[in-house]
Structure formats: C-alpha cells, structure tokens
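Containing mmCIF, C-alpha atoms: upload-v5.cif.
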```
data_protein
loop_
_atom_site.label_atom_id
_atom_site.label_comp_id
_atom_site.auth_asym_id
_atom_site.auth_seq_id
_atom_site.Cartn_x
_atom_site.Cartn_y
_atom_site.Cartn_z
CA MET A 1 86.98 -45.62 34.80
CA SER A 2 83.56 -47.28 34.86
CA GLU A 3 83.51 -47.14 38.65
CA ILE A 4 84.42 -43.44 38.63
CA LEU A 5 81.76 -42.69 36.03
CA GLN A 6 79.08 -44.55 37.97
CA ALA A 7 79.99 -42.69 41.15
CA VAL A 8 79.68 -39.33 39.35
CA LEU A 9 76.34 -40.33 37.82
CA ASP A 10 75.10 -41.47 41.24
CA GLY A 11 76.02 -38.13 42.79
CA ALA A 12 78.73 -39.49 45.09
CA ASP A 13 80.13 -36.98 47.54
CA GLY A 14 83.73 -35.85 47.72
CA ALA A 15 84.78 -38.41 50.31
CA GLU A 16 83.38 -41.26 48.24
CA LEU A 17 85.09 -40.03 45.09
CA ALA A 18 88.40 -39.50 46.90
CA ALA A 19 88.26 -43.08 48.18
CA LEU A 20 87.98 -44.58 44.71
CA PRO A 21 91.17 -46.04 43.26
CA LEU A 22 92.55 -44.11 40.32
CA PRO A 23 93.19 -46.05 37.12
CA GLU A 24 96.69 -46.65 35.84
CA SER A 25 95.60 -45.43 32.41
CA TYR A 26 92.79 -43.56 30.72
CA ARG A 27 91.56 -42.84 27.18
CA GLY A 28 92.69 -39.63 25.54
CA ALA A 29 92.65 -38.01 22.11
CA LEU A 30 96.25 -37.62 21.03
CA VAL A 31 98.69 -36.94 18.25
CA ARG A 32 101.92 -38.91 17.91
CA ARG A 33 105.42 -37.49 17.68
CA GLU A 34 106.34 -40.14 15.09
CA GLU A 35 103.65 -38.83 12.73
CA ILE A 36 104.54 -35.13 12.55
CA GLN A 37 105.67 -35.53 8.92
CA MET A 38 102.52 -37.32 7.79
CA PHE A 39 101.09 -34.26 5.98
CA GLU A 40 104.36 -33.10 4.44
CA GLY A 41 103.66 -31.62 1.00
CA VAL A 42 99.88 -31.52 1.59
CA ASP A 43 98.08 -28.19 1.32
CA SER A 44 96.88 -26.95 4.69
CA ALA A 45 93.23 -26.99 3.67
CA GLU A 46 93.50 -30.64 2.65
CA LYS A 47 95.14 -31.93 5.82
CA ASP A 48 92.74 -34.27 7.62
CA PRO A 49 92.58 -34.38 11.45
CA ARG A 50 90.75 -37.70 11.20
CA LYS A 51 94.04 -39.29 10.15
CA SER A 52 96.21 -37.81 12.89
CA LEU A 53 93.96 -37.76 15.98
CA HIS A 54 93.91 -41.09 17.80
CA VAL A 55 91.93 -42.15 20.86
CA GLU A 56 94.15 -44.43 22.92
CA GLU A 57 94.92 -45.56 26.44
CA VAL A 58 97.70 -43.52 28.05
CA ALA A 59 99.39 -43.74 31.42
CA LEU A 60 98.01 -41.55 34.22
CA PRO A 61 100.81 -39.09 35.11
CA GLU A 62 101.87 -38.33 38.67
CA LEU A 63 100.07 -35.35 40.22
CA ALA A 64 102.08 -32.22 41.11
CA PRO A 65 101.34 -30.44 44.42
CA ASP A 66 99.44 -27.59 42.71
CA GLU A 67 97.40 -29.78 40.38
CA ALA A 68 94.15 -31.73 40.28
CA TYR A 69 92.85 -34.77 38.47
CA VAL A 70 89.51 -34.00 36.82
CA ALA A 71 87.16 -36.68 35.56
CA VAL A 72 86.25 -35.09 32.24
CA MET A 73 82.57 -35.45 31.42
CA ALA A 74 82.76 -33.34 28.27
CA SER A 75 85.17 -31.18 26.29
CA SER A 76 85.10 -29.25 23.02
CA ILE A 77 86.97 -28.59 19.81
CA ASN A 78 88.91 -25.36 19.40
CA PHE A 79 91.05 -24.22 16.49
CA ASN A 80 94.16 -25.02 18.49
CA THR A 81 93.10 -28.68 18.50
CA VAL A 82 92.96 -28.51 14.71
CA TRP A 83 96.40 -26.89 14.62
CA SER A 84 97.78 -29.65 16.85
CA ALA A 85 96.19 -32.29 14.64
CA ILE A 86 97.58 -30.93 11.36
CA PHE A 87 100.94 -30.01 12.94
CA GLU A 88 100.60 -26.33 12.00
CA PRO A 89 102.01 -23.77 12.25
CA LEU A 90 104.46 -25.94 14.21
CA PRO A 91 104.22 -29.44 15.68
CA THR A 92 103.24 -29.01 19.32
CA PHE A 93 105.94 -31.40 20.52
CA GLY A 94 108.39 -28.50 20.46
CA PHE A 95 106.21 -26.78 23.09
CA LEU A 96 106.18 -29.94 25.21
CA ASP A 97 109.94 -30.34 24.97
CA ARG A 98 110.55 -26.77 26.15
CA LEU A 99 108.20 -27.30 29.08
CA GLY A 100 110.01 -30.54 29.81
CA LYS A 101 113.27 -28.67 30.36
CA GLU A 102 111.86 -26.28 32.96
CA SER A 103 111.42 -28.59 35.95
CA THR A 104 110.95 -32.14 37.17
CA TRP A 105 107.20 -31.73 36.89
CA GLY A 106 107.53 -30.20 33.46
CA ALA A 107 109.46 -33.24 32.26
CA ARG A 108 106.25 -35.32 32.48
CA HIS A 109 104.88 -33.45 29.46
CA ALA A 110 107.65 -34.26 26.98
CA LEU A 111 106.36 -37.57 25.68
CA GLY A 112 105.96 -39.36 22.37
CA TYR A 113 102.30 -38.44 22.36
CA HIS A 114 100.32 -35.29 23.10
CA VAL A 115 96.88 -35.53 24.70
CA VAL A 116 95.13 -32.43 23.34
CA GLY A 117 92.10 -30.32 24.24
CA SER A 118 91.79 -26.89 25.87
CA ASP A 119 88.26 -27.05 27.34
CA ALA A 120 86.64 -29.35 29.88
CA SER A 121 83.81 -29.77 32.33
CA GLY A 122 83.88 -32.48 34.96
CA VAL A 123 84.40 -33.47 38.57
CA VAL A 124 87.54 -33.13 40.70
CA LEU A 125 88.83 -36.58 41.69
CA LYS A 126 91.98 -35.74 43.63
CA VAL A 127 94.01 -32.63 44.46
CA GLY A 128 97.69 -32.11 45.15
CA SER A 129 99.04 -31.26 48.59
CA ALA A 130 99.29 -27.51 47.82
CA VAL A 131 95.70 -27.09 46.56
CA ARG A 132 93.54 -25.06 48.97
CA ASN A 133 90.32 -23.98 47.28
CA TRP A 134 89.15 -27.17 45.59
CA LYS A 135 88.29 -30.61 46.88
CA PRO A 136 87.24 -33.95 45.38
CA GLY A 137 83.63 -33.86 44.25
CA ALA A 138 83.66 -30.24 43.03
CA LYS A 139 81.91 -29.81 39.69
CA VAL A 140 84.11 -27.61 37.55
CA THR A 141 84.94 -26.14 34.21
CA VAL A 142 88.55 -25.64 33.18
CA HIS A 143 90.12 -22.61 31.53
CA CYS A 144 93.30 -23.04 29.53
CA ASN A 145 95.71 -20.41 30.91
CA TYR A 146 98.68 -22.43 32.19
CA VAL A 147 100.86 -20.13 34.29
CA ASP A 148 104.06 -20.49 36.27
CA ASP A 149 103.30 -18.32 39.32
CA GLN A 150 106.97 -18.41 40.45
CA ASP A 151 107.92 -16.18 37.52
CA PRO A 152 107.56 -12.46 38.37
CA SER A 153 106.47 -11.75 34.81
CA SER A 154 103.28 -13.76 35.47
CA HIS A 155 102.04 -11.31 38.08
CA ASP A 156 99.92 -8.22 37.31
CA ASP A 157 98.58 -9.74 34.07
CA SER A 158 99.48 -13.41 33.70
CA MET A 159 98.91 -13.29 29.93
CA LEU A 160 102.10 -11.24 29.74
CA ALA A 161 104.11 -13.96 31.49
CA ALA A 162 107.33 -14.94 29.77
CA ASN A 163 106.35 -18.62 29.85
CA GLN A 164 102.56 -18.41 29.68
CA ARG A 165 101.09 -21.44 27.92
CA ILE A 166 97.78 -22.78 26.69
CA TRP A 167 96.84 -26.02 28.41
CA GLY A 168 96.21 -28.91 26.04
CA PHE A 169 98.00 -27.10 23.22
CA GLU A 170 101.37 -26.11 24.70
CA THR A 171 101.08 -28.64 27.55
CA ASN A 172 100.17 -32.31 27.67
CA PHE A 173 97.27 -34.08 29.46
CA GLY A 174 94.54 -31.90 27.94
CA GLY A 175 90.77 -31.98 28.11
CA LEU A 176 89.83 -34.33 25.25
CA ALA A 177 90.21 -37.31 27.52
CA GLU A 178 88.57 -39.23 30.34
CA ILE A 179 90.91 -37.61 32.90
CA ALA A 180 92.67 -34.26 32.66
CA VAL A 181 95.58 -32.94 34.71
CA VAL A 182 95.15 -29.24 35.46
CA LYS A 183 96.60 -26.61 37.75
CA ALA A 184 94.30 -25.58 40.59
CA ASN A 185 94.25 -22.02 39.22
CA GLN A 186 92.59 -23.30 36.05
CA LEU A 187 89.46 -24.46 37.88
CA MET A 188 86.16 -22.57 37.89
CA PRO A 189 82.63 -23.53 39.04
CA LYS A 190 80.47 -25.44 36.58
CA PRO A 191 77.25 -23.61 35.59
CA THR A 192 74.54 -25.43 37.53
CA HIS A 193 71.82 -24.95 34.89
CA LEU A 194 73.83 -26.35 31.99
CA SER A 195 74.59 -29.90 30.95
CA TRP A 196 78.14 -31.21 30.89
CA GLU A 197 78.50 -30.56 27.16
CA GLU A 198 76.92 -27.10 27.37
CA SER A 199 79.31 -26.23 30.19
CA ALA A 200 82.37 -27.59 28.41
CA VAL A 201 82.31 -25.37 25.32
CA ASN A 202 82.61 -21.96 26.96
CA ALA A 203 85.88 -21.37 28.75
CA LEU A 204 88.34 -20.78 25.92
CA CYS A 205 86.23 -18.77 23.47
CA ASN A 206 84.09 -17.00 26.07
CA SER A 207 87.11 -15.85 28.07
CA THR A 208 88.90 -14.75 24.91
CA SER A 209 85.93 -12.64 23.80
CA TYR A 210 85.57 -11.18 27.31
CA ARG A 211 89.17 -9.99 27.38
CA MET A 212 88.98 -8.61 23.84
CA LEU A 213 85.85 -6.53 24.40
CA VAL A 214 85.09 -6.04 28.10
CA SER A 215 88.41 -6.09 29.97
CA LYS A 216 90.63 -3.05 30.44
CA ASN A 217 93.30 -5.23 28.84
CA GLY A 218 91.23 -5.25 25.66
CA ALA A 219 88.81 -2.76 24.13
CA GLY A 220 87.16 -1.69 27.40
CA MET A 221 83.87 -1.39 25.49
CA SER A 222 81.45 1.34 26.57
CA GLN A 223 77.69 1.64 26.30
CA GLY A 224 76.67 2.80 22.86
CA ASP A 225 79.84 1.53 21.18
CA ARG A 226 79.25 0.18 17.69
CA VAL A 227 81.13 -3.10 17.27
CA LEU A 228 81.69 -4.98 14.03
CA VAL A 229 82.08 -8.70 14.70
CA TRP A 230 83.51 -10.94 12.00
CA GLY A 231 82.29 -14.54 12.11
CA ALA A 232 79.49 -13.52 14.42
CA SER A 233 77.86 -16.95 14.52
CA GLY A 234 81.15 -18.78 15.17
CA GLY A 235 82.84 -19.86 18.35
CA LEU A 236 84.37 -16.47 19.19
CA GLY A 237 81.89 -14.20 17.47
CA SER A 238 78.82 -15.71 19.10
CA TYR A 239 80.19 -14.71 22.51
CA ALA A 240 81.31 -11.32 21.21
CA VAL A 241 77.83 -10.27 20.07
CA GLN A 242 76.45 -11.29 23.48
CA TYR A 243 78.97 -9.07 25.28
CA VAL A 244 78.13 -6.16 23.00
CA LEU A 245 74.41 -6.60 23.64
CA ASN A 246 74.88 -7.08 27.40
CA GLY A 247 77.14 -4.03 27.60
CA GLY A 248 74.73 -1.65 25.92
CA GLY A 249 76.59 -1.63 22.61
CA ILE A 250 75.37 -2.00 19.06
CA PRO A 251 76.68 -5.16 17.38
CA LEU A 252 76.98 -5.64 13.65
CA GLY A 253 77.55 -9.29 12.85
CA VAL A 254 79.17 -10.53 9.64
CA VAL A 255 78.18 -14.07 8.62
CA SER A 256 78.12 -16.18 5.46
CA SER A 257 74.56 -17.38 4.81
CA PRO A 258 70.90 -16.38 5.15
CA GLU A 259 70.47 -19.12 7.78
CA LYS A 260 73.17 -17.53 9.92
CA VAL A 261 71.56 -14.12 9.48
CA GLU A 262 68.33 -15.58 10.84
CA LEU A 263 70.20 -17.22 13.73
CA LEU A 264 71.74 -13.89 14.76
CA HIS A 265 68.38 -12.14 14.50
CA ASP A 266 66.96 -14.74 16.90
CA PHE A 267 70.00 -14.11 19.12
CA GLY A 268 68.99 -10.45 19.37
CA VAL A 269 71.39 -8.97 16.80
CA ASP A 270 69.48 -6.61 14.49
CA ALA A 271 72.31 -5.52 12.17
CA VAL A 272 73.75 -8.44 10.20
CA ILE A 273 75.66 -8.62 6.91
CA ASP A 274 75.71 -11.77 4.79
CA ARG A 275 79.16 -11.42 3.25
CA ARG A 276 78.47 -14.01 0.57
CA ALA A 277 75.32 -12.24 -0.54
CA GLY A 278 77.35 -9.02 -0.61
CA ASP A 279 80.05 -10.82 -2.59
CA TYR A 280 82.79 -8.60 -1.17
CA ARG A 281 86.07 -9.24 -2.96
CA PHE A 282 88.67 -7.56 -0.77
CA TRP A 283 91.53 -9.23 -2.65
CA LEU A 284 92.02 -8.75 -6.39
CA ASP A 285 94.61 -11.49 -6.41
CA GLU A 286 97.12 -13.05 -4.02
CA PHE A 287 99.08 -9.81 -3.68
CA HIS A 288 96.66 -6.90 -4.16
CA GLN A 289 93.57 -5.68 -2.31
CA ASP A 290 90.71 -3.60 -3.70
CA GLU A 291 90.04 -0.39 -1.75
CA SER A 292 86.80 0.13 -3.67
CA GLU A 293 85.50 -3.06 -2.03
CA TRP A 294 86.51 -1.74 1.38
CA ARG A 295 84.51 1.39 0.61
CA ARG A 296 81.49 -0.59 -0.55
CA PHE A 297 81.64 -2.68 2.63
CA GLY A 298 81.99 0.46 4.77
CA LYS A 299 78.95 2.00 3.11
CA ASP A 300 76.91 -1.11 3.91
CA VAL A 301 78.13 -1.02 7.51
CA ARG A 302 77.12 2.62 7.97
CA GLY A 303 73.78 1.88 6.36
CA LEU A 304 73.03 -0.63 9.11
CA ILE A 305 74.46 1.03 12.25
CA GLY A 306 74.55 4.69 11.22
CA GLU A 307 78.29 5.27 11.76
CA ASP A 308 81.64 3.61 11.31
CA PRO A 309 82.29 1.06 14.09
CA ASP A 310 84.13 2.14 17.23
CA ILE A 311 85.56 -1.37 17.60
CA VAL A 312 86.26 -4.13 15.10
CA PHE A 313 86.38 -7.64 16.59
CA GLU A 314 88.95 -9.18 14.26
CA HIS A 315 90.09 -12.80 14.09
CA PRO A 316 90.04 -14.03 10.44
CA GLY A 317 93.34 -12.24 9.77
CA ARG A 318 94.65 -11.99 6.21
CA GLN A 319 91.32 -12.04 4.38
CA THR A 320 89.72 -9.25 6.42
CA MET A 321 92.35 -7.13 8.17
CA GLY A 322 92.64 -4.59 5.35
CA ALA A 323 88.90 -4.04 5.41
CA SER A 324 88.87 -3.95 9.23
CA VAL A 325 91.47 -1.18 9.38
CA PHE A 326 89.66 0.80 6.70
CA VAL A 327 86.15 0.49 8.14
CA ALA A 328 86.94 1.34 11.78
CA LYS A 329 86.02 4.90 12.71
CA ARG A 330 88.53 7.70 13.15
CA GLY A 331 90.27 6.97 16.45
CA GLY A 332 88.72 3.49 16.48
CA LEU A 333 90.20 0.20 17.64
CA ILE A 334 90.77 -3.09 15.85
CA VAL A 335 91.27 -5.81 18.47
CA THR A 336 92.61 -9.10 17.14
CA CYS A 337 93.24 -12.51 18.66
CA ALA A 338 93.79 -14.88 15.75
CA ALA A 339 94.31 -15.28 12.01
CA THR A 340 92.30 -18.24 10.81
CA SER A 341 92.60 -17.17 7.15
CA GLY A 342 96.34 -16.47 7.32
CA TYR A 343 98.90 -14.87 9.65
CA MET A 344 100.65 -12.56 7.17
CA ILE A 345 98.26 -9.62 7.08
CA GLU A 346 98.27 -6.48 4.95
CA TYR A 347 96.49 -3.16 5.31
CA ASP A 348 96.90 0.39 4.08
CA ASN A 349 98.77 2.10 6.88
CA ARG A 350 97.57 5.55 5.79
CA HIS A 351 94.11 4.66 7.06
CA LEU A 352 95.63 3.70 10.41
CA TRP A 353 98.01 6.57 11.15
CA MET A 354 96.21 9.45 9.49
CA LYS A 355 92.93 8.60 11.21
CA LEU A 356 94.56 7.75 14.55
CA LYS A 357 93.25 4.18 14.65
CA SER A 358 94.83 1.42 16.75
CA ILE A 359 95.38 -2.31 16.41
CA LYS A 360 95.52 -4.22 19.68
CA GLY A 361 96.57 -7.82 20.08
CA SER A 362 94.78 -10.07 22.55
CA HIS A 363 95.39 -13.66 23.63
CA PHE A 364 93.04 -15.75 25.77
CA ALA A 365 92.52 -14.28 29.29
CA ASN A 366 94.00 -14.18 32.76
CA TYR A 367 92.37 -16.03 35.67
CA ARG A 368 90.41 -12.98 36.82
CA GLU A 369 89.00 -12.41 33.35
CA ALA A 370 88.21 -16.09 32.80
CA TRP A 371 86.54 -16.29 36.22
CA ASP A 372 84.39 -13.22 35.56
CA ALA A 373 83.43 -14.49 32.10
CA ASN A 374 82.50 -17.86 33.60
CA ALA A 375 80.41 -16.16 36.29
CA LEU A 376 78.28 -14.59 33.56
CA VAL A 377 77.68 -18.05 32.09
CA CYS A 378 76.78 -19.33 35.57
CA GLU A 379 74.23 -16.51 35.94
CA GLY A 380 72.65 -17.28 32.57
CA LYS A 381 73.71 -13.95 31.07
CA ILE A 382 75.99 -15.55 28.49
CA LEU A 383 74.63 -18.52 26.53
CA PRO A 384 76.60 -21.51 25.22
CA PRO A 385 76.58 -21.59 21.40
CA LEU A 386 76.65 -25.39 21.29
CA SER A 387 75.78 -26.56 17.77
CA ALA A 388 76.78 -30.25 17.70
CA VAL A 389 78.06 -32.99 20.00
CA TYR A 390 80.31 -35.97 19.17
CA PRO A 391 81.54 -38.89 21.30
CA LEU A 392 85.24 -39.02 22.15
CA ALA A 393 85.68 -41.91 19.71
CA GLU A 394 84.72 -39.53 16.87
CA VAL A 395 86.95 -36.63 17.93
CA GLY A 396 88.70 -36.72 14.56
CA GLU A 397 85.45 -36.05 12.73
CA ALA A 398 84.61 -33.25 15.17
CA ALA A 399 87.99 -31.61 14.50
CA PHE A 400 87.48 -32.10 10.75
CA GLN A 401 84.20 -30.17 10.96
CA VAL A 402 85.99 -27.25 12.62
CA HIS A 403 88.96 -27.39 10.22
CA ARG A 404 86.66 -27.19 7.18
CA ASN A 405 84.38 -24.56 8.77
CA LEU A 406 81.41 -26.88 8.42
CA HIS A 407 80.02 -25.88 11.82
CA GLU A 408 78.81 -22.82 13.68
CA GLY A 409 79.20 -21.95 17.35
CA LYS A 410 81.03 -24.65 19.26
CA ILE A 411 81.26 -28.44 18.89
CA GLY A 412 81.13 -30.41 22.11
CA VAL A 413 82.71 -33.80 22.77
CA LEU A 414 81.37 -36.31 25.30
CA CYS A 415 84.29 -37.85 27.17
CA LEU A 416 83.00 -39.78 30.20
CA ALA A 417 79.39 -38.61 29.94
CA PRO A 418 77.44 -41.51 28.36
CA SER A 419 74.83 -39.27 26.77
CA GLU A 420 73.79 -35.65 26.28
CA GLY A 421 71.69 -33.67 28.74
CA LEU A 422 73.31 -34.90 31.96
CA GLY A 423 74.74 -32.74 34.74
CA ILE A 424 71.92 -30.18 35.06
CA ASP A 425 71.39 -29.38 38.76
CA ASP A 426 69.40 -26.13 38.75
CA HIS A 427 66.33 -26.69 36.59
CA GLU A 428 64.65 -23.58 37.95
CA LEU A 429 67.46 -21.33 36.71
CA ARG A 430 67.44 -23.15 33.38
CA GLU A 431 63.74 -22.43 33.03
CA ARG A 432 64.30 -18.75 33.86
CA VAL A 433 67.08 -18.44 31.30
CA GLY A 434 64.96 -20.26 28.75
CA GLU A 435 65.40 -23.64 27.12
CA ASP A 436 64.86 -22.11 23.68
CA ARG A 437 67.65 -19.58 24.24
CA ILE A 438 70.11 -22.13 25.65
CA THR A 439 69.56 -24.53 22.73
CA LEU A 440 69.24 -21.92 19.98
CA PHE A 441 72.27 -23.09 17.99
CA ARG A 442 71.18 -26.74 18.15
CA ARG A 443 67.69 -25.88 16.97
CA HIS A 444 68.87 -23.76 14.06
CA GLY A 445 71.20 -26.50 12.90
CA VAL A 446 73.33 -24.10 10.86
#
```

Encoded form (structure tokens):
Amino acid sequence: MSEILQAVLDGADGAELAALPLPESYRGALVRREEIQMFEGVDSAEKDPRKSLHVEEVALPELAPDEAYVAVMASSINFNTVWSAIFEPLPTFGFLDRLGKESTWGARHALGYHVVGSDASGVVLKVGSAVRNWKPGAKVTVHCNYVDDQDPSSHDDSMLAANQRIWGFETNFGGLAEIAVVKANQLMPKPTHLSWEESAVNALCNSTSYRMLVSKNGAGMSQGDRVLVWGASGGLGSYAVQYVLNGGGIPLGVVSSPEKVELLHDFGVDAVIDRRAGDYRFWLDEFHQDESEWRRFGKDVRGLIGEDPDIVFEHPGRQTMGASVFVAKRGGLIVTCAATSGYMIEYDNRHLWMKLKSIKGSHFANYREAWDANALVCEGKILPPLSAVYPLAEVGEAAFQVHRNLHEGKIGVLCLAPSEGLGIDDHELRERVGEDRITLFRRHGV
C-alpha cells in the first residue's frame, strides 16, 4: 500500500498506477459477525461503536467485470455506519448473506466480517473487463447506490429496484478502508478544488438531499417555496438549505444552539429557530403529543417566513413528525428519508387528509441524481459541510461522535491520505469559491 500511496502523491499517471502490483490485503474498518450479540440488553443510546468497529487487514477480493478497485484517500461517517456498528436495527450480515445467494460474485460479500463505509474519494487502480468509462488514474468520488442492472425493476428509477442496496451498508468492501471495491456506475469525478477529505463527505448526504428537494422524484422544489429544514446544520440539513437557497426558495432552519444559529446565518440562511431556546415539548409523555406545542411552533415559523412552509424536510422521525405534518401548509408536502429519533412515528391524520397534505418517502438517489448533485459540488455551487477529520485508526471515535450527535455537518476520515489538505488541483476555482466558505464548518467548530 505504501507504494500505491506514494505513486498517488507523486501524481503518477494511469499507466504507472495500473502497472503497480496490488496487495493481497488492505486495512479496513469492519464489524465482526461473531460480535453481533455484544450489545444485547444495552440501550441503543449507550451502545458504543468504539467497541465494535475494528481496523484490520482483510484479503483483497477478486474484481468482477463491472467493478473497479479504488485507492481510498478519504471517506466519511454516515448514520448507516453507526447502525452497522451497533447492529441496529438489524445486524448487516443478513444483508450480506442475501447478496451472497444471488450470484457467484455476490458470494464474495458473505463473510465473517463486514468492511463498512458508504462514502469515498480516491484514485482508480484497476477496472474490470466490462468497464468502459473509467480507467486507472481517474480521481473519483463514490456514491453508494449499488444496483443490479440485469433486473428490469432497476430501470427507469433504480431506487425502485427490487434488490437495490446501499454500498458499504448492505454490501461488503465499503469506503472506510485503504481500498474499496465499487461498481463502475458508482463512480463520479472528484471536485478538483476540494481536498480528498472535503470531496469524500458529500456523495451520500448531498445526493439524498438533492433527490428529496430538487428531483422530480422528490419535492420538485420551485422558486419561492418556503422549506422548513430540521437539523439544518447537520449532514443532511446543511445540503438541504443550500439547495433551497440555490433554487430561489426560502429556507427556515431548525437547530439546537445559538452557535448553530450563527453558523446558518453565515451560511446565508436568515430564518433560523433554536429549538432548545424555544423549548418545544411536542411529546407530553411516551404516548401522547401536545398539539398546543405544534401550534406554538407553527406560530414561530410563520413569524419568520410569513407563511406555513410549502415543504418540510423531515428526517428526525418520531420526535418531529407530528409537528411536521401539522406545520406544513394546506396542500403542502412532508418529504422524509430517515428516522434518527425513532422509526415508529405518530401524527394527527386529520391535519393530513383534511388539509390535503402529503407525506413522501425518499431514499438516497439514482445515478443521474447523484451525478447531477456531484456536478454542483464540482462547480463550487454546493459546499462540503466538513466539521472534523479523524484518521482511519480512530474510526470508532468518529462514529461515536455521530452516534451521540456531538458533531455538526459531516465527519471525514483519512484512509490513505497521510494528512489533510491534499488532493487540491484547481486552486483558482477554490479561490473563486472562497476558502472561508469552503471551510465554514471547520472554522465555526460547532
């Protein structure tokens, strides 16, 4: 691996990289099948990814014809990495076993360990015999939509495919490693003005937010739309407010501290609610919600943006869905992609049906959507909300930070990259975009 790293750092061309011998093994962050019971009886909030995520040498798998080996310079932590690490809501080995039954190539994934990670930036080392559009030496980012293109259900919108998967979560050989194995249709160009770690944090959350708000498969946001964004300084929300601003909408961000309010103001978001300062108590107890609190929240929303929101960007789930359904305007849309505070949601259905509101589910993005979202990053129109960077050896601590919500934006992980700030090729574009804007989350330190 040291020879591969040095070649990348020296700017070796594709032919030189292709000529390098591939290692028999590489380091990866993994969970072990034998440990899936380690947190049995422990409350979810107390489960510790630092105990279950291990960085170990694993064997390099054989490359399928439609795949590529990528030397991973950097990756990032997503909530699905946390779920893998705490074996919730299900141990991910069940996903790997089902993939293993589909084909000879799928069988490679069903192992006693699972190399996790659903983001990556790096350099293509080798491509399979069926790969046409990518060659060794290409600098790339990786999106996580893992699709079987032989299944007719994967065509039209691949997110509706019967066996659509998330790479590094429902497949093995993910991005939190020195080498990743990816399908060619997961590859996208690396932004030339960003470092490896700045490039690595975008694909999953940025693509998800793009589909939710911009795509016809999501909200199809229009100019002037008022959009309420929960967790607006987090990994998903920080992209969402950018899409609202770029699309001529009016974002209202909900955050949890005065420091995050200031961060969003610097990001260009004028209307921000500090939910802790507001002390909204949507739940009276475990079983009952308080409509008077929904009304108080709605009044505060209208006071900031003038009307009820056309769109609610919803991902906390149980804690907020009742308020989201209530606060959306008549005929409005609640678009949801996750449930970080709980999957079993409750809302008053009268406010949905009698006011003709809609709830729409959304999950990651298809290749077209991910490509278009990545292009906006490459053009400097969408900024990476990178807030912290850890080395691969400390991936457990990085996942712990995300699990306990001790971070904002995205946490990057250096895999092969020996230090931060490497991989920037277009300094002129970086200067035009603005160093202060690119590094806003790091400078705020929220």

Option closest in space to Phe95 in chain A, from A:Arg108, A:Arg165, A:Arg442, A:His351 [counting all atoms listed in the file]
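Ranking A:Arg108, A:Arg165, A:Arg442, A:His351 by distance to Phe95 in chain A, first place goes to A:Arg165.
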
> Written as a PyMOL selection string, what is the full residue list that the PyMOL selection byres ((chain A and resi 181-184) around 6) yields on the file shown?
Replying inline: chain A and resi 66-69+173+180+185-187

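Among A:Arg132, A:Arg226, A:Arg437, A:His155, the residue with the shortest atom-to-atom distance to Ile305 in chain A, counting all atoms listed in the file, is A:Arg226.
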
| Written as JSON, numbers by chain, what is the full residue list that the PyMOL selection byres ((chain A and resi 418) around 12) yields on the file shown? | {"A": [2, 5, 6, 8, 9, 72, 73, 74, 178, 196, 197, 389, 390, 391, 392, 393, 413, 414, 415, 416, 417, 419, 420, 421, 422, 423]}

Go through A:Gly112, A:Pro316, A:Gly106, A:Gly28 and flag the residue nearest Ala71 in chain A, using all atoms listed in the file for the distances.
->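 Of all the options, A:Gly28 lies closest to Ala71 in chain A.
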
**OP:** Would you mind listing what lies within 12 Å of Ala7 in chain A as a list in words, with all atoms listed in the file counted and same-chain residues fewer than 4 positions away left out?
**Re:**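 That gives Met1, Ser2, Glu3, Gly11, Ala12, Asp13, Gly14, Ala15, Glu16, Leu17, Ala18, Ala19, Leu20, Pro21, Ala71, Val123, Leu125, Gly137, Leu416 and Ala417 of chain A.
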